[in-house]
Every structure is written in C-alpha cells, then in structure tokens.
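First comes the structure, then the notes that go with it.
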Amino acid sequence: MAEGNGKTPAEAPLIGVIEAVGGAVGLAAYESHEGYAAARTALTSMTPAEVIDLVKEANLRGRGGAGFPTGIKWSFVPQGDAAGSGPKYLVCNADEMEPGTFKDRYLLERNPHLLVEGMILGAWAIQASHGYVFLRGEYHAAYRQLQDAIDAAAAKGYLGKNIVGSGFDFELRIHRSGGRYICGEETALLNALEGKRAQPRQKPPFPPASGAWGRPTIVNNVETFCNVPAIIRNGAEWYHELGIGDDAGTKLYGVSGRVKQPGLWELPIGTPIREIIEEHAGGMQDGYALRGILPGGASTDFLVAEHFDLAMDYGTIQKAGSRMGTGTMILMDDSICPVDMCRNLEHFFAQESCGFCTPCREGLPWVEQLLIDIEEGRGKEGDLELLDRNAAFIGGATNTFCLHAPGAIEPLASALKYFREDFEEHIRTGACRYR
Amino acid sequence: MSEPAQDLAGADLIPTLSPEETAAIEEECSHLPDRESAAIDAMMIVQRERGWVSDASLAAIARLLGMSVAALDSIATFYNLIFRQPVGRHVVMLCDSVSCYVMGADTLRKQVEEHLALKMGETSADGRFTLLPIVCLGACDRAPTMMVDEDLIGNVSAERLAETFKGYE
C-alpha cells in the first residue's frame, strides 16, 4: 500500500509515523512521535491569527481537488464580534468518492489522530466550537478507527472542554453519510450534515460567511488537515523545502490501472508523472501500453504521452488543460476502448447528478446514451458534433449551480480531442475493435 | 413543522422504534441544533438494526423528529445507502467505477450475477444476498473491489467467488 520509501516522519509528514509504527497508529504511538505537540503549542502560545498566518506562509493548498489556499480560506471566517452569536463550525470532508481516489481512507484508517490534531488546529484558527467529520457511509473500518481516536483524544483532554488547559472548547463528532457523490460538493455536504437532501446551495454566500445551520463554517479535505500539525511544528520554510517547484509540501499520489504495483505514495509535491508511474508504480504490466491518464480522479481531463514528463502540481497540470485533482491517477492502457471508458465515466456522473439543474439532469444521461449507441455500433453521422455541442454547453461553468456537470464533461471533452479517431472509427465501421 | 404522522392510519404503520433505537436517535439530536438535522443519522441507526427502513419505521422516525413523513421520505430516497425495501441477510455491493472498470469490472459483474443467480438490484429467494452496484470504494489499488456488508474486499477474483462468499450464510 502506501510507502514512504524509508523516509522519516520529518520527510513524510503524512505517512512517516505510520511507517515508523508499522501499522495503525494509536494515541500512545502518535504522542511518542510528537503527536499533539502542535496542538499544545498553538493553543497555549499562538493566537488564532498566528496559526492562520503560518498556514498561509506555508502555502498549503486544499488537497481535496480544488487547490484553494487553506490559510486564505480560514482567514475569510469572521472573528470576534463580527462573527455574531452562536457556534462556528469546522467540517472535514471525508466523503472520499471521486472515482479512482483512495488516499483519505488510508489516513483515516492508519493515523486518525493526525486528522484529529489537524482539526483541533483548524478549530483554534477559526475559533470553532463544533466540528464534524463527514465520513463516507461505506468507510466502516475508518469509522471504527476514527471514533476510537476521538474517544481516546477526548479522554486525554485533547478534545472537549478546556483543551490542554488552554480554556478552549472543541467538540468533534462523526456524521456517517447516507451516500451520493454530490455530498463531496461542500454546500451539498452541509445540507446533508443538516439532515437534508444533498443539493448544492446558491453561492454566495460562501460557507465561511454562512455555512452549516447558517453559521460561519470551514470545510477542508482529510489530507489538507493532516498537513497542518507538521507545519505548526516545523514552520513554513521547512514545508516549502519539501516540495518541488512552485507548490509546497508533500502529496499523496496514487496510481490505479494496469501497472505492476498499483499503490499510494507520499512524495514531494511536483514529482513528475513519469516518475510516479514508472518508478513507484513499477511501470505498465507486460503486454500493456499506456495511452492516457486521468491525473486526479474521474472529473479531470485526460492527459496523454506528450504530458507524461510534466510535474504533478496544481499549476503545471492546469496549464496542460487538466487538473491535479486528488492526485490519484487512473491509467488507460491500450486494451481499453476510450469510447467505452467515457461511457463508464458518464454513467457515473449521470447517476450521481442531484437532478436540480437541467443541463446536468438531462444532459448527462443524453451524453451517456450517445456513448452507448456509438460503442454498440449504432453511432450516426453528426453524433460527435452533438457530443461536442453538449460538452460545451454542459461544461459551461455558469450554466449550472455547482461544478458537478463541468467536472463530468472534462474527461469526455478531452477524450474527444485526444482519441477522436477512435470515436470516428466506431461510427464509420459500426463496431468496436476493442471487443 | 406539520403535525407528525397523523395522516397515517393502519396497524402496519404503528410506530415501532425500540428503546435502544430511540435512545441512539435522541443522543444524535442532543448534539445538533434542531431535531430534523438528525434525519439521516436516525434512518441509518434504524437500518443498522433492521436492515432497511420500512414505512412503519419511517413514520416512527418522523414522529420522533417532529417532521412530516413525506419530508423524511424525500430525504430517504435521495441517499443510496438508505434502503426503503427489504434486503437480504447480506448486501453485496460491486464497484462499477472507472478504476475497477479498467481492471475488468464489467466482466466480473456478469460473473458475480451468474454465481449468485441474481441481477443487479435483486434479492435471492432464500433471502441470503442482495446484489447492488456501488460507486468507487476507495481501494482502487486493489481493483476490482466489492463490499459484502461491512467488509471491503479487494482483488476480487472470478475464480474464487465461492470462497469469497463462504461465511456469509
């Protein structure tokens, strides 16, 4: 599974302690590797503003896929009298469901105290009194590990009232989700947390101004929170030195598909795509050649051979027309039909649409049906132009409430560009040569 | 909110929550700003006890939370992990998302359907298994994957299905 390549916790702040302990990290083991030292330092000797400034200086960017700077997000939360009366909320998005993504489950199952400590630091920074981990309903092992960790942390005075004698109170609870990919969209997640249907909300207002139950709320990904304790302990300069290129820190990178060693690795952010696939994942299995990758989950544009020497960081992958997303890449080998792979992807997105906006509710099933027809030899002249037109319309970021539909179209629009001859051949011959 | 559950007549809809279920739901409510916010938690609590959420359970939960049954059902039917129909003793959820697709999930699906003599969405006549598709289970390095009840199973092999399902009686 995840391998730090023998790195120490200082070199691999996310999984180094898991490596050192050799399995799931309990409270005593976590504490013996500087665990909760950052929480103690921050709550007893740093102001919330100092914590936010340090996370800003470290240039930690959201690891859930969007890459928004975490410290800047936290700074949007009103403080003091400006916050009005009532609680502020800190929410962890642990609803990992982006197809091809398997990083947060690893952290939740192996080192839940790292997440708990990251959330204590986030809570102190925005002065939140209540926190929730919004956890995928299917993540049963993660639930058990995390609940044990929360109970153990509370018993030791790291959660609850007067944390480490600082006078600060923070209650942390788990919400086990009822399912649906759309819960990963942060305002849909907040509706689900409130017990409602998970339909995205109109923005603005954004959650830092009005989130859960109408109160200021921050939502961050599991991996994002897990980066914070080491930043507090070791500082922004140390964090910058971990990364390659413009971005700071490490990243959990994953590879799935027909490689020799599929897996997950903590590497300097900005590690080249080719190095991740060939050195860490062991290269392609014998008899398979690599044609394309979805770099960061199902909702990211395909990249092809010309891109494989690029660095896996936010800016570089964006310049290449895609997104680093979750950093866990899915490989399309030469035995896979690009049309049929798009059919699989668009089936997922059509199914997971919340149904509120017409382009998404009606457009995605239409696209899926066109792809089924083309794949099964019923494609007609003009179908590709129809797919192009739908892709442009559904992918228009201002045509829908949230970004589900634009994300859904990214792999298709890029496949129509890079693998167009496959689509044309299906229509011309009425057959799929991959079958 | 509207008066709870008054529109429901009939013996089969008499609320039936156990004291343990009620206590667990009340515990959730005590940590939330209002009772309706516990709607999903409450249905999941009842489903963990009973396997699914019946009309009677739905009415009982709605009454407990002070919501209309219709409002609660609109929430229940949004979420794929809340079952509004009975399921078998074991629920098999086979991943059909993209990493598993690349590793042969479409073929595996046919093999699992054949092995269990079930199509997706069906429950076996003896009530042993319900077979459902599921989206990415977050174990893509071990694709293809599935869940049986709370157990995540990776590297699912068509040749070893009998062995895999052994123990789920």
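Letters for chains follow the order of the structure tokens (A, B, ...), residue numbers begin at 1 for each chain, and ligand numbers begin at 1 in the order shown.
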
Per-residue DSSP, segment 173-385 of chain A, filtered to strand (DSSP E or B), as a PyMOL selection string: chain A and resi 173-176+217-221+250-256+259+263-268+272+284+290-295+297+303-304+311+328-333

Polymer residues at most 10 Å from Ala24 of chain A, only C-alpha atoms, same-chain spacing of 6 or more positions, as a ChimeraX atom specification: /A:17-18,30,106-112,145

Go ahead and save the picked residues with C-alpha atoms, as an mmCIF file, in the first residue's frame.
```
data_model
loop_
_atom_site.group_PDB
_atom_site.id
_atom_site.type_symbol
_atom_site.label_atom_id
_atom_site.label_comp_id
_atom_site.auth_asym_id
_atom_site.auth_seq_id
_atom_site.Cartn_x
_atom_site.Cartn_y
_atom_site.Cartn_z
ATOM 1 C CA VAL A 17 4.633 7.924 11.535
ATOM 2 C CA ILE A 18 2.547 5.094 10.049
ATOM 3 C CA TYR A 30 1.157 9.101 17.998
ATOM 4 C CA TYR A 106 -5.605 5.292 4.177
ATOM 5 C CA LEU A 107 -5.038 8.259 6.501
ATOM 6 C CA LEU A 108 -8.327 7.694 8.339
ATOM 7 C CA GLU A 109 -7.647 4.017 8.971
ATOM 8 C CA ARG A 110 -3.942 4.267 9.769
ATOM 9 C CA ASN A 111 -3.431 7.593 11.538
ATOM 10 C CA PRO A 112 -6.744 9.114 12.646
ATOM 11 C CA GLN A 145 -10.572 3.816 13.900
#
```

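Any residue of chain B with an atom within 6 Å of chain A counts; using only C-alpha atoms, that gives Ser37, Ala38, Ala39, Ile40, Ile75, Tyr79, Asn80, Leu81, Ser97, Ser99, Cys136, Gly138, Ala139, Cys140 and Asp141 of chain B.
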
Can I get the selected residues back with C-alpha atoms, as a CSV table (one decimal), in the first residue's frame?
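Listed below is the output, out31.csv:
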```csv
chain,number,residue,atom,x,y,z
B,37,SER,CA,-30.9,17.6,11.4
B,38,ALA,CA,-30.8,14.1,12.8
B,39,ALA,CA,-33.0,12.7,10.0
B,40,ILE,CA,-30.2,10.8,8.1
B,75,ILE,CA,-34.6,12.5,2.2
B,79,TYR,CA,-29.5,8.6,-0.4
B,80,ASN,CA,-28.4,5.3,-2.0
B,81,LEU,CA,-27.3,3.7,1.3
B,97,SER,CA,-16.5,3.0,-11.2
B,99,SER,CA,-10.6,2.1,-11.9
B,136,CYS,CA,-15.8,3.8,-6.1
B,138,GLY,CA,-11.6,3.9,-2.4
B,139,ALA,CA,-9.4,0.8,-2.8
B,140,CYS,CA,-8.5,1.3,-6.4
B,141,ASP,CA,-5.0,-0.1,-6.0
```

Phe83 of chain B surroundings by only C-alpha atoms, 12 Å radius, close-in-sequence under 3 positions cut, as a ChimeraX atom specification: /A:178-179 /B:40,43-44,46-48,50-55,57-58,73,75-80,86-88,91,121,130,132

I want to know what sits within 12 Å of Gly235 of chain A, based on only C-alpha atoms, with residues of the same chain fewer than 2 positions away left out; could you give that as a ChimeraX atom specification? /A:10,38,50-51,53-60,227-233,237-242,248-249

Got time to write the residues from that selection, C-alpha atoms, as a PDB file, in the first residue's frame?
```pdb
ATOM      1  CA  ALA A  10      10.084  14.786   9.058  1.00  0.00           C
ATOM      2  CA  ALA A  38       1.455  21.226  17.658  1.00  0.00           C
ATOM      3  CA  GLU A  50      -0.709  33.496  14.035  1.00  0.00           C
ATOM      4  CA  VAL A  51      -1.856  29.973  13.134  1.00  0.00           C
ATOM      5  CA  ASP A  53      -0.649  33.335   9.002  1.00  0.00           C
ATOM      6  CA  LEU A  54       1.670  30.351   9.350  1.00  0.00           C
ATOM      7  CA  VAL A  55      -0.607  28.141   7.219  1.00  0.00           C
ATOM      8  CA  LYS A  56      -0.759  30.971   4.646  1.00  0.00           C
ATOM      9  CA  GLU A  57       3.030  31.357   4.620  1.00  0.00           C
ATOM     10  CA  ALA A  58       3.392  27.590   4.193  1.00  0.00           C
ATOM     11  CA  ASN A  59       1.185  27.885   1.073  1.00  0.00           C
ATOM     12  CA  LEU A  60      -0.818  24.792   1.991  1.00  0.00           C
ATOM     13  CA  ASN A 227      -0.736  18.592   6.687  1.00  0.00           C
ATOM     14  CA  VAL A 228      -1.321  21.191   9.401  1.00  0.00           C
ATOM     15  CA  PRO A 229       0.309  19.692  12.543  1.00  0.00           C
ATOM     16  CA  ALA A 230       3.758  19.394  10.938  1.00  0.00           C
ATOM     17  CA  ILE A 231       3.502  22.923   9.526  1.00  0.00           C
ATOM     18  CA  ILE A 232       2.859  24.257  13.031  1.00  0.00           C
ATOM     19  CA  ARG A 233       5.742  22.218  14.488  1.00  0.00           C
ATOM     20  CA  GLU A 237      10.196  27.352   5.382  1.00  0.00           C
ATOM     21  CA  TRP A 238      10.592  23.639   6.179  1.00  0.00           C
ATOM     22  CA  TYR A 239       7.268  22.966   4.443  1.00  0.00           C
ATOM     23  CA  HIS A 240       8.333  24.828   1.291  1.00  0.00           C
ATOM     24  CA  GLU A 241      11.520  22.784   1.108  1.00  0.00           C
ATOM     25  CA  LEU A 242       9.519  19.560   0.991  1.00  0.00           C
ATOM     26  CA  ALA A 248       4.866  23.379  -1.044  1.00  0.00           C
ATOM     27  CA  GLY A 249       4.801  20.195   0.996  1.00  0.00           C
TER      28      GLY A 249
END
```

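By only C-alpha atoms, and with residues fewer than 2 positions from Ser75 of chain A along its chain excluded, the set lying at most 12 Å from it is Pro48, Ala49, Glu50, Val51, Ile52, Asp53, Leu54, Val55, Lys56, Pro69, Thr70, Gly71, Ile72, Lys73, Val77, Pro78, Gln79, Gly122, Ala125, Ile126, Gln127, Pro208, Ala209, Pro216, Thr217 and Ile218 of chain A.
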
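The interatomic distance for the pair atom CA of Ala28 of chain A and atom CA of Ala154 of chain A works out to 13.6 Å.
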
Need to verify the contact set: Arg109 of chain B, 12 Å, only C-alpha atoms, exclusion of same-chain residues closer than 3 positions in sequence. Can you return it as a ChimeraX atom specification? /B:92-97,100-101,103-106,112-120,131-134,144-146,156-158,161

Which polymer residues have any atom within 7 Å of an atom of Thr250 of chain A, counting only C-alpha atoms, with same-chain residues fewer than 6 positions away left out, as a VMD selection string? chain A and resid 242 to 243 266 to 269

Alpha helix (DSSP H) per DSSP on the backbone: members of segment 25-83 of chain B, as a VMD selection string: chain B and resid 25 to 30 39 to 50 55 to 65 69 to 76

Go ahead and write the selection's residues with C-alpha atoms as a compact mmCIF listing (two decimals), in the first residue's frame.
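Writing the result to again32.txt gives the following:
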```txt
# COMPACT_ATOMS: atom_id res chain seq x y z
CA ILE B 25 -31.52 8.93 17.90
CA GLU B 26 -32.03 11.17 20.95
CA GLU B 27 -28.27 11.10 21.54
CA GLU B 28 -27.73 12.43 17.98
CA CYS B 29 -30.40 15.09 18.47
CA SER B 30 -28.72 16.28 21.67
CA ALA B 39 -32.95 12.71 9.95
CA ILE B 40 -30.21 10.83 8.10
CA ASP B 41 -28.49 9.64 11.27
CA ALA B 42 -31.84 8.38 12.58
CA MET B 43 -32.62 6.38 9.45
CA MET B 44 -29.11 4.90 9.41
CA ILE B 45 -29.48 3.92 13.10
CA VAL B 46 -32.74 2.11 12.42
CA GLN B 47 -31.37 0.49 9.28
CA ARG B 48 -28.34 -0.85 11.13
CA GLU B 49 -30.78 -2.62 13.47
CA ARG B 50 -33.34 -3.79 10.94
CA ASP B 55 -42.92 2.58 6.10
CA ALA B 56 -43.61 1.92 9.78
CA SER B 57 -40.05 2.82 10.78
CA LEU B 58 -40.21 5.92 8.61
CA ALA B 59 -43.41 7.05 10.31
CA ALA B 60 -41.94 6.38 13.73
CA ILE B 61 -38.76 8.33 12.98
CA ALA B 62 -40.77 11.22 11.52
CA ARG B 63 -42.89 11.37 14.66
CA LEU B 64 -39.83 11.28 16.90
CA LEU B 65 -38.13 14.10 14.97
CA VAL B 69 -43.42 11.51 6.80
CA ALA B 70 -43.30 12.88 3.25
CA ALA B 71 -40.41 15.21 4.08
CA LEU B 72 -38.48 12.35 5.66
CA ASP B 73 -39.16 10.05 2.71
CA SER B 74 -37.88 12.70 0.29
CA ILE B 75 -34.61 12.55 2.21
CA ALA B 76 -34.59 8.74 2.45
```

Can you work out which one of A:Glu346, A:Asp334, A:Asp383, A:Asp247 has the shortest atom-to-atom distance to Val102 of chain B, counting only C-alpha atoms?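 That would be A:Asp334, the residue with the smallest distance to Val102 of chain B.
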
Just the number, please: distance in Å from atom CA of Gly325 of chain A to atom CA of Gly211 of chain A, one decimal. 23.5 Å

In Å and to one decimal, atom CA of Asn390 of chain A is distant from atom CA of Gly355 of chain A by 16.9 Å
